Structures are given as C-alpha cells and as structure tokens.
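> Data file data.pdb (PDB, C-alpha atoms, pLDDT in the B column) is appended below.
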```pdb
ATOM      1  CA  GLY A   1      -0.516  -5.812 -11.831  1.00 81.00           C
ATOM      2  CA  ALA A   2      -1.858  -2.909  -9.752  1.00 92.00           C
ATOM      3  CA  VAL A   3      -4.461  -0.427 -10.986  1.00 93.00           C
ATOM      4  CA  ILE A   4      -3.621   3.283 -11.147  1.00 94.00           C
ATOM      5  CA  ALA A   5      -6.482   5.781 -11.474  1.00 95.00           C
ATOM      6  CA  LEU A   6      -5.650   9.032 -13.238  1.00 97.00           C
ATOM      7  CA  ASN A   7      -7.321  12.389 -12.594  1.00 97.00           C
ATOM      8  CA  SER A   8      -4.927  14.989 -13.933  1.00 95.00           C
ATOM      9  CA  GLU A   9      -4.530  18.233 -15.855  1.00 93.00           C
ATOM     10  CA  GLY A  10      -1.308  16.802 -17.257  1.00 91.00           C
ATOM     11  CA  GLY A  11       2.284  17.847 -16.865  1.00 89.00           C
ATOM     12  CA  SER A  12       5.590  17.798 -18.678  1.00 91.00           C
ATOM     13  CA  VAL A  13       6.262  15.683 -21.751  1.00 93.00           C
ATOM     14  CA  HIS A  14       9.414  14.180 -20.250  1.00 94.00           C
ATOM     15  CA  GLY A  15       7.731  13.514 -16.890  1.00 95.00           C
ATOM     16  CA  ALA A  16       4.774  11.799 -18.564  1.00 96.00           C
ATOM     17  CA  ILE A  17       7.023   9.616 -20.719  1.00 97.00           C
ATOM     18  CA  ALA A  18       9.134   8.591 -17.706  1.00 97.00           C
ATOM     19  CA  LEU A  19       6.060   7.836 -15.594  1.00 97.00           C
ATOM     20  CA  GLY A  20       4.457   5.934 -18.466  1.00 97.00           C
ATOM     21  CA  ARG A  21       7.479   3.702 -18.929  1.00 97.00           C
ATOM     22  CA  VAL A  22       7.488   2.817 -15.219  1.00 97.00           C
ATOM     23  CA  ILE A  23       3.762   2.004 -15.345  1.00 97.00           C
ATOM     24  CA  ARG A  24       4.373  -0.297 -18.330  1.00 97.00           C
ATOM     25  CA  LYS A  25       7.426  -1.897 -16.690  1.00 97.00           C
ATOM     26  CA  PHE A  26       5.267  -2.942 -13.736  1.00 96.00           C
ATOM     27  CA  GLY A  27       2.428  -4.183 -15.961  1.00 96.00           C
ATOM     28  CA  MET A  28      -0.110  -1.893 -14.338  1.00 97.00           C
ATOM     29  CA  THR A  29      -3.675  -1.251 -15.450  1.00 97.00           C
ATOM     30  CA  THR A  30      -4.587   2.399 -16.007  1.00 97.00           C
ATOM     31  CA  THR A  31      -8.029   3.938 -15.688  1.00 96.00           C
ATOM     32  CA  VAL A  32      -9.509   7.391 -15.321  1.00 97.00           C
ATOM     33  CA  GLY A  33     -10.960   7.991 -11.872  1.00 96.00           C
ATOM     34  CA  ARG A  34     -10.639   9.846  -8.608  1.00 92.00           C
ATOM     35  CA  THR A  35     -10.678   8.696  -5.029  1.00 87.00           C
ATOM     36  CA  ILE A  36     -13.452   9.639  -2.660  1.00 86.00           C
ATOM     37  CA  ASP A  37     -12.446   9.475   0.975  1.00 81.00           C
ATOM     38  CA  GLY A  38     -14.604   7.329   3.203  1.00 79.00           C
ATOM     39  CA  ALA A  39     -16.014   8.292   6.591  1.00 79.00           C
ATOM     40  CA  GLY A  40     -13.897   8.628   9.710  1.00 75.00           C
ATOM     41  CA  GLY A  41     -10.581  10.215  10.600  1.00 74.00           C
ATOM     42  CA  ALA A  42      -7.667  10.566   8.204  1.00 73.00           C
ATOM     43  CA  GLU A  43      -6.553   6.933   8.502  1.00 75.00           C
ATOM     44  CA  ALA A  44     -10.091   5.511   8.295  1.00 72.00           C
ATOM     45  CA  ALA A  45     -11.007   7.841   5.417  1.00 70.00           C
ATOM     46  CA  SER A  46      -8.076   6.559   3.375  1.00 70.00           C
ATOM     47  CA  ARG A  47      -8.813   2.940   4.286  1.00 74.00           C
ATOM     48  CA  ASN A  48     -12.510   3.304   3.353  1.00 78.00           C
ATOM     49  CA  ALA A  49     -11.938   5.261   0.134  1.00 81.00           C
ATOM     50  CA  SER A  50     -13.757   4.405  -3.080  1.00 86.00           C
ATOM     51  CA  LEU A  51     -13.128   5.162  -6.735  1.00 88.00           C
ATOM     52  CA  SER A  52     -15.358   7.415  -8.822  1.00 92.00           C
ATOM     53  CA  PRO A  53     -15.171   7.309 -12.632  1.00 94.00           C
ATOM     54  CA  ARG A  54     -16.193  10.978 -12.839  1.00 94.00           C
ATOM     55  CA  ALA A  55     -12.727  12.348 -13.540  1.00 96.00           C
ATOM     56  CA  ASP A  56     -10.623  14.089 -16.184  1.00 97.00           C
ATOM     57  CA  CYS A  57      -7.439  12.952 -17.898  1.00 97.00           C
ATOM     58  CA  GLU A  58      -6.112  15.956 -19.790  1.00 96.00           C
ATOM     59  CA  SER A  59      -3.134  16.877 -21.918  1.00 94.00           C
ATOM     60  CA  MET A  60      -0.152  14.594 -21.163  1.00 95.00           C
ATOM     61  CA  CYS A  61      -2.337  12.457 -18.893  1.00 97.00           C
ATOM     62  CA  ALA A  62      -3.711  10.795 -22.043  1.00 97.00           C
ATOM     63  CA  PHE A  63      -0.202   9.570 -22.828  1.00 97.00           C
ATOM     64  CA  VAL A  64       0.262   8.279 -19.268  1.00 98.00           C
ATOM     65  CA  LEU A  65      -3.088   6.464 -19.624  1.00 98.00           C
ATOM     66  CA  LEU A  66      -1.666   4.806 -22.751  1.00 97.00           C
ATOM     67  CA  ALA A  67       1.080   3.193 -20.643  1.00 97.00           C
ATOM     68  CA  GLY A  68      -1.228   0.729 -18.921  1.00 97.00           C
ATOM     69  CA  GLN A  69      -1.004  -2.884 -19.992  1.00 96.00           C
ATOM     70  CA  ARG A  70      -4.785  -2.743 -19.738  1.00 97.00           C
ATOM     71  CA  ARG A  71      -6.524   0.604 -20.183  1.00 97.00           C
ATOM     72  CA  VAL A  72     -10.075   1.307 -19.063  1.00 96.00           C
ATOM     73  CA  VAL A  73     -11.862   4.616 -19.666  1.00 97.00           C
ATOM     74  CA  PRO A  74     -15.268   4.662 -17.922  1.00 96.00           C
ATOM     75  CA  SER A  75     -18.081   6.307 -19.875  1.00 95.00           C
ATOM     76  CA  GLU A  76     -18.364   9.038 -17.209  1.00 96.00           C
ATOM     77  CA  ALA A  77     -14.685   9.995 -17.577  1.00 97.00           C
ATOM     78  CA  ARG A  78     -13.299  12.582 -19.987  1.00 97.00           C
ATOM     79  CA  VAL A  79     -10.012  12.357 -21.859  1.00 98.00           C
ATOM     80  CA  ARG A  80      -8.991  15.647 -23.478  1.00 97.00           C
ATOM     81  CA  VAL A  81      -5.951  16.544 -25.547  1.00 96.00           C
ATOM     82  CA  HIS A  82      -4.137  19.518 -27.037  1.00 93.00           C
ATOM     83  CA  GLN A  83      -0.777  20.437 -28.516  1.00 89.00           C
ATOM     84  CA  ILE A  84       2.376  20.304 -26.426  1.00 86.00           C
ATOM     85  CA  TRP A  85       3.991  23.682 -25.895  1.00 79.00           C
ATOM     86  CA  LEU A  86       6.725  25.439 -23.978  1.00 77.00           C
ATOM     87  CA  GLY A  87       5.548  25.446 -20.370  1.00 67.00           C
ATOM     88  CA  ASP A  88       6.870  28.907 -19.529  1.00 66.00           C
ATOM     89  CA  ARG A  89       4.717  30.448 -22.290  1.00 65.00           C
ATOM     90  CA  ARG A  90       1.560  28.378 -21.977  1.00 64.00           C
ATOM     91  CA  ASP A  91      -0.499  31.095 -20.236  1.00 66.00           C
ATOM     92  CA  ASP A  92      -0.315  33.429 -23.238  1.00 70.00           C
ATOM     93  CA  ALA A  93       1.071  31.181 -25.974  1.00 68.00           C
ATOM     94  CA  ALA A  94      -0.403  33.177 -28.865  1.00 71.00           C
ATOM     95  CA  ALA A  95       1.197  36.453 -27.730  1.00 70.00           C
ATOM     96  CA  ALA A  96       4.614  35.051 -26.761  1.00 73.00           C
ATOM     97  CA  THR A  97       7.690  35.214 -28.961  1.00 78.00           C
ATOM     98  CA  TYR A  98       9.733  32.168 -29.935  1.00 80.00           C
ATOM     99  CA  SER A  99      13.258  31.608 -31.163  1.00 82.00           C
ATOM    100  CA  ALA A 100      14.358  28.973 -33.642  1.00 91.00           C
ATOM    101  CA  GLU A 101      15.883  27.104 -30.682  1.00 89.00           C
ATOM    102  CA  ASP A 102      12.457  27.053 -28.955  1.00 81.00           C
ATOM    103  CA  LEU A 103      10.873  25.486 -32.032  1.00 86.00           C
ATOM    104  CA  VAL A 104      13.650  22.879 -32.213  1.00 90.00           C
ATOM    105  CA  LEU A 105      12.902  21.893 -28.589  1.00 88.00           C
ATOM    106  CA  VAL A 106       9.183  21.494 -29.313  1.00 87.00           C
ATOM    107  CA  GLN A 107       9.914  19.415 -32.424  1.00 91.00           C
ATOM    108  CA  ARG A 108      12.319  17.156 -30.494  1.00 93.00           C
ATOM    109  CA  ASP A 109       9.679  16.587 -27.843  1.00 92.00           C
ATOM    110  CA  ILE A 110       7.098  15.760 -30.525  1.00 93.00           C
ATOM    111  CA  GLY A 111       9.538  13.178 -31.898  1.00 94.00           C
ATOM    112  CA  LYS A 112      10.029  11.644 -28.439  1.00 95.00           C
ATOM    113  CA  LEU A 113       6.277  11.611 -27.902  1.00 96.00           C
ATOM    114  CA  ALA A 114       5.692   9.930 -31.276  1.00 96.00           C
ATOM    115  CA  GLN A 115       8.225   7.212 -30.460  1.00 97.00           C
ATOM    116  CA  TYR A 116       6.679   6.689 -27.004  1.00 97.00           C
ATOM    117  CA  THR A 117       3.126   6.556 -28.424  1.00 97.00           C
ATOM    118  CA  ILE A 118       4.044   3.726 -30.800  1.00 96.00           C
ATOM    119  CA  GLU A 119       6.116   1.980 -28.090  1.00 96.00           C
ATOM    120  CA  MET A 120       3.025   1.917 -25.828  1.00 97.00           C
ATOM    121  CA  GLY A 121       0.772   0.538 -28.563  1.00 96.00           C
ATOM    122  CA  GLY A 122      -1.020   3.776 -29.338  1.00 96.00           C
ATOM    123  CA  THR A 123      -1.770   5.050 -32.805  1.00 96.00           C
ATOM    124  CA  VAL A 124      -0.389   8.028 -34.652  1.00 94.00           C
ATOM    125  CA  GLU A 125      -3.988   9.341 -34.707  1.00 96.00           C
ATOM    126  CA  LEU A 126      -3.680  10.218 -30.991  1.00 96.00           C
ATOM    127  CA  LEU A 127      -0.650  12.386 -31.678  1.00 94.00           C
ATOM    128  CA  GLU A 128      -2.151  13.883 -34.836  1.00 96.00           C
ATOM    129  CA  VAL A 129      -5.416  14.886 -33.112  1.00 96.00           C
ATOM    130  CA  SER A 130      -3.482  16.348 -30.164  1.00 95.00           C
ATOM    131  CA  LEU A 131      -1.210  18.404 -32.418  1.00 94.00           C
ATOM    132  CA  ARG A 132      -4.194  19.985 -34.195  1.00 95.00           C
ATOM    133  CA  ILE A 133      -5.347  21.822 -31.038  1.00 93.00           C
ATOM    134  CA  PRO A 134      -3.259  24.920 -30.208  1.00 89.00           C
ATOM    135  CA  PRO A 135      -2.591  25.445 -26.482  1.00 82.00           C
ATOM    136  CA  TRP A 136      -4.670  28.651 -26.429  1.00 83.00           C
ATOM    137  CA  GLU A 137      -7.822  26.857 -27.623  1.00 89.00           C
ATOM    138  CA  PRO A 138     -10.051  24.634 -25.445  1.00 93.00           C
ATOM    139  CA  MET A 139      -8.857  21.047 -25.206  1.00 95.00           C
ATOM    140  CA  ARG A 140     -10.495  18.485 -27.462  1.00 96.00           C
ATOM    141  CA  ALA A 141     -12.505  15.719 -25.789  1.00 97.00           C
ATOM    142  CA  LEU A 142     -11.977  12.305 -27.353  1.00 98.00           C
ATOM    143  CA  THR A 143     -15.061  10.267 -28.252  1.00 97.00           C
ATOM    144  CA  ARG A 144     -15.620   6.644 -27.167  1.00 97.00           C
ATOM    145  CA  ASP A 145     -14.852   5.536 -30.712  1.00 97.00           C
ATOM    146  CA  GLU A 146     -11.605   7.541 -30.792  1.00 97.00           C
ATOM    147  CA  LEU A 147     -10.532   6.163 -27.407  1.00 97.00           C
ATOM    148  CA  ARG A 148     -10.829   2.634 -28.800  1.00 97.00           C
ATOM    149  CA  ARG A 149      -9.284   3.430 -32.200  1.00 96.00           C
ATOM    150  CA  MET A 150      -6.322   5.181 -30.566  1.00 97.00           C
ATOM    151  CA  ASN A 151      -5.923   2.224 -28.141  1.00 96.00           C
ATOM    152  CA  LEU A 152      -6.458   4.442 -25.094  1.00 97.00           C
ATOM    153  CA  ASP A 153      -9.208   2.020 -24.031  1.00 97.00           C
ATOM    154  CA  ASN A 154      -8.436  -1.619 -24.695  1.00 95.00           C
ATOM    155  CA  SER A 155     -10.826  -3.035 -22.091  1.00 92.00           C
ATOM    156  CA  ASP A 156     -12.689  -5.045 -24.726  1.00 85.00           C
ATOM    157  CA  VAL A 157      -9.538  -6.913 -25.815  1.00 71.00           C
ATOM    158  CA  ALA A 158      -9.643 -10.383 -24.249  1.00 47.00           C
ATOM    159  CA  ASP A 159      -5.884 -10.908 -23.810  1.00 44.00           C
ATOM    160  CA  ALA A 160      -5.501  -7.524 -22.057  1.00 43.00           C
ATOM    161  CA  ARG A 161      -7.817  -8.476 -19.187  1.00 39.00           C
ATOM    162  CA  PRO A 162      -6.262  -8.992 -15.749  1.00 43.00           C
ATOM    163  CA  ALA A 163      -6.662 -12.274 -13.890  1.00 43.00           C
ATOM    164  CA  HIS A 164      -9.148 -10.592 -11.523  1.00 42.00           C
ATOM    165  CA  PRO A 165     -11.518  -8.429 -13.597  1.00 38.00           C
ATOM    166  CA  GLU A 166     -13.307  -7.272 -10.451  1.00 42.00           C
ATOM    167  CA  ALA A 167     -10.236  -5.103  -9.785  1.00 42.00           C
ATOM    168  CA  ILE A 168     -11.577  -2.606 -12.340  1.00 41.00           C
ATOM    169  CA  THR A 169     -14.999  -1.078 -12.356  1.00 41.00           C
ATOM    170  CA  THR A 170     -16.731   1.502 -14.437  1.00 40.00           C
ATOM    171  CA  ALA A 171     -19.576   2.017 -11.992  1.00 39.00           C
ATOM    172  CA  ALA A 172     -19.496   4.957  -9.608  1.00 39.00           C
ATOM    173  CA  PRO A 173     -18.279   4.766  -6.842  1.00 42.00           C
ATOM    174  CA  SER A 174     -16.723   1.358  -6.292  1.00 44.00           C
ATOM    175  CA  SER A 175     -16.398  -0.561  -3.079  1.00 41.00           C
ATOM    176  CA  PHE A 176     -13.056  -2.263  -3.694  1.00 44.00           C
ATOM    177  CA  PRO A 177     -10.150  -1.046  -1.550  1.00 52.00           C
ATOM    178  CA  VAL A 178      -8.449   2.060  -2.832  1.00 57.00           C
ATOM    179  CA  LYS A 179      -5.072   3.263  -1.634  1.00 61.00           C
ATOM    180  CA  ARG A 180      -4.623   6.994  -2.129  1.00 58.00           C
ATOM    181  CA  ILE A 181      -1.107   8.096  -3.023  1.00 58.00           C
ATOM    182  CA  ALA A 182      -0.278  11.804  -3.071  1.00 51.00           C
ATOM    183  CA  MET A 183       2.034  12.842  -5.874  1.00 53.00           C
ATOM    184  CA  THR A 184       5.115  14.933  -5.081  1.00 45.00           C
ATOM    185  CA  GLY A 185       4.581  18.630  -5.600  1.00 44.00           C
ATOM    186  CA  GLN A 186       0.775  18.562  -5.489  1.00 40.00           C
ATOM    187  CA  ARG A 187       0.361  20.561  -2.314  1.00 38.00           C
ATOM    188  CA  GLU A 188       2.895  23.192  -3.364  1.00 42.00           C
ATOM    189  CA  ARG A 189       0.926  23.886  -6.547  1.00 43.00           C
ATOM    190  CA  GLY A 190      -2.357  23.967  -4.644  1.00 45.00           C
ATOM    191  CA  LYS A 191      -4.026  21.645  -7.173  1.00 46.00           C
ATOM    192  CA  ASP A 192      -5.824  18.377  -6.680  1.00 49.00           C
ATOM    193  CA  ARG A 193      -4.477  16.898  -9.894  1.00 48.00           C
ATOM    194  CA  GLY A 194      -1.175  16.530 -11.721  1.00 47.00           C
ATOM    195  CA  TRP A 195       2.219  14.913 -11.275  1.00 46.00           C
TER     196      TRP A 195
END
```
Could you spell out this file's structure in structure tokens?


Amino acid sequence: GAVIALNSEGGSVHGAIALGRVIRKFGMTTTVGRTIDGAGGAEAASRNASLSPRADCESMCAFVLLAGQRRVVPSEARVRVHQIWLGDRRDDAAAATYSAEDLVLVQRDIGKLAQYTIEMGGTVELLEVSLRIPPWEPMRALTRDELRRMNLDNSDVADARPAHPEAITTAAPSSFPVKRIAMTGQRERGKDRGW
C-alpha cells in the first residue's frame, strides 16, 4: 500500500520487469516525482523531505510506473519512451554492428516486455509507441491523453483509489512525510536517477 515516486532515466528491461513485479506484489501506488530534502542535518533533511511532481520517468521507467496498483502522473511530470536496445551499443546505436544473435536477444526482450505490459494492465499502444522511436532519436513524451489510454495514469478510476487519497498529491511540493531510499548502484554511476 506504500507510494513509490519515480524519477529515472530508466535501466535494463529485465531489471524493470523484476522491479515492476515486486511493486505489484506489494500493491504499491506509483507516481512520478522527486524528493526535496528539508532543512537541517542529514537526518533532519530526510525526515523533513517533501515530494515534487517536477520529475522525469524515461525509457523503462514507464514500464515500472505501469506496475503500480494505482498510478498517478502529475501534470508537471514527464513520461518519455523509446525503443529498447542493446545496452553496450546504446551510445552509438546507428553506427554499431549487430549479429543475428543480437537481434534475437532484442526480439526476446520485446516479447517479455509485451507479456509484462499486458500482465500489468497496460495496452499494446504503450509498447507500439515505444518501439517506433529508435534509441538514437530523442525520446517521445507521452501526452495526458496517451497516459490515460495506455493505463499509465489510472488515478481517475474509482476502484483504483487507495483508502487514504491524501497519500498522493499532484501539487508541488507536498508536506506529507517522504522517506528517501537510495537505489543500489546510484552513487557509482554518479547519477541522481536510475535503478
């Protein structure tokens, strides 16, 4: 029943699917947001943190967002998608070379992602729009209408609402308690986002 706020550039297909299934297993609510530390020392800053809806959920993050029992995308947040690709060739995907085995791996992952998308209550439109954007082009921002059609935002569905609706806000920044959890590997990569 907890709320998890996502602010991420994405990550691996398999990692996102595994994380998404755990989020669904625990019946969590997902939203797009980032924590803002409060005043004071490290302990006080974490205790007095708030949640800002000005955040990005990119690439595989959109599929993690889909895992929430309830999914809320504030109007200030951006959800952007693109095609999955081989991670070791993402930096210069258009110039890289690929074997038949590489293409088989990508196709298998697309199949796993399609199965997961349906399992989480998403639509094939999410996968189809994502697969249209090559990894060397800018990511495609989803519109409010697309977020609802693809079931990435189901906040207007009555039976998806938690018992305590005040636990989610779309106003910036919120005053409800926020517990910041650092994801493994963040500091090594030197990024503020990801898993």

> The PyMOL selection byres ((chain A and resi 53) around 6) - which residues does that actually catch in the file I just gave you? List them as a VMD selection string.

chain A and resid 33 52 54 to 55 74 76 to 77 172

> Translate the PyMOL selection byres ((chain A and resi 83) around 6), as applied to the file shown, into an explicit residue set as an MDAnalysis selection string.

chainID A and resid 82 84 130:131 133:135

> Enumerate, as a ChimeraX atom specification, the residues matched when the PyMOL selection byres ((chain A and resi 10-16) around 9) is run on the file above.

/A:7-9,17-21,57-64,84,87,109-110,112-113,193-195

> Quick one: everything within 10 Å of Asp153 in chain A, counting all atoms listed in the file, minus sequence neighbours fewer than 5 positions away in the same chain. Send it as a ChimeraX atom specification.

/A:30-31,65-66,68,70-74,122,144-148

> Work out how far apart CA of Ala49 in chain A and CA of Ile36 in chain A are and give it in Å to one decimal.

5.4 Å
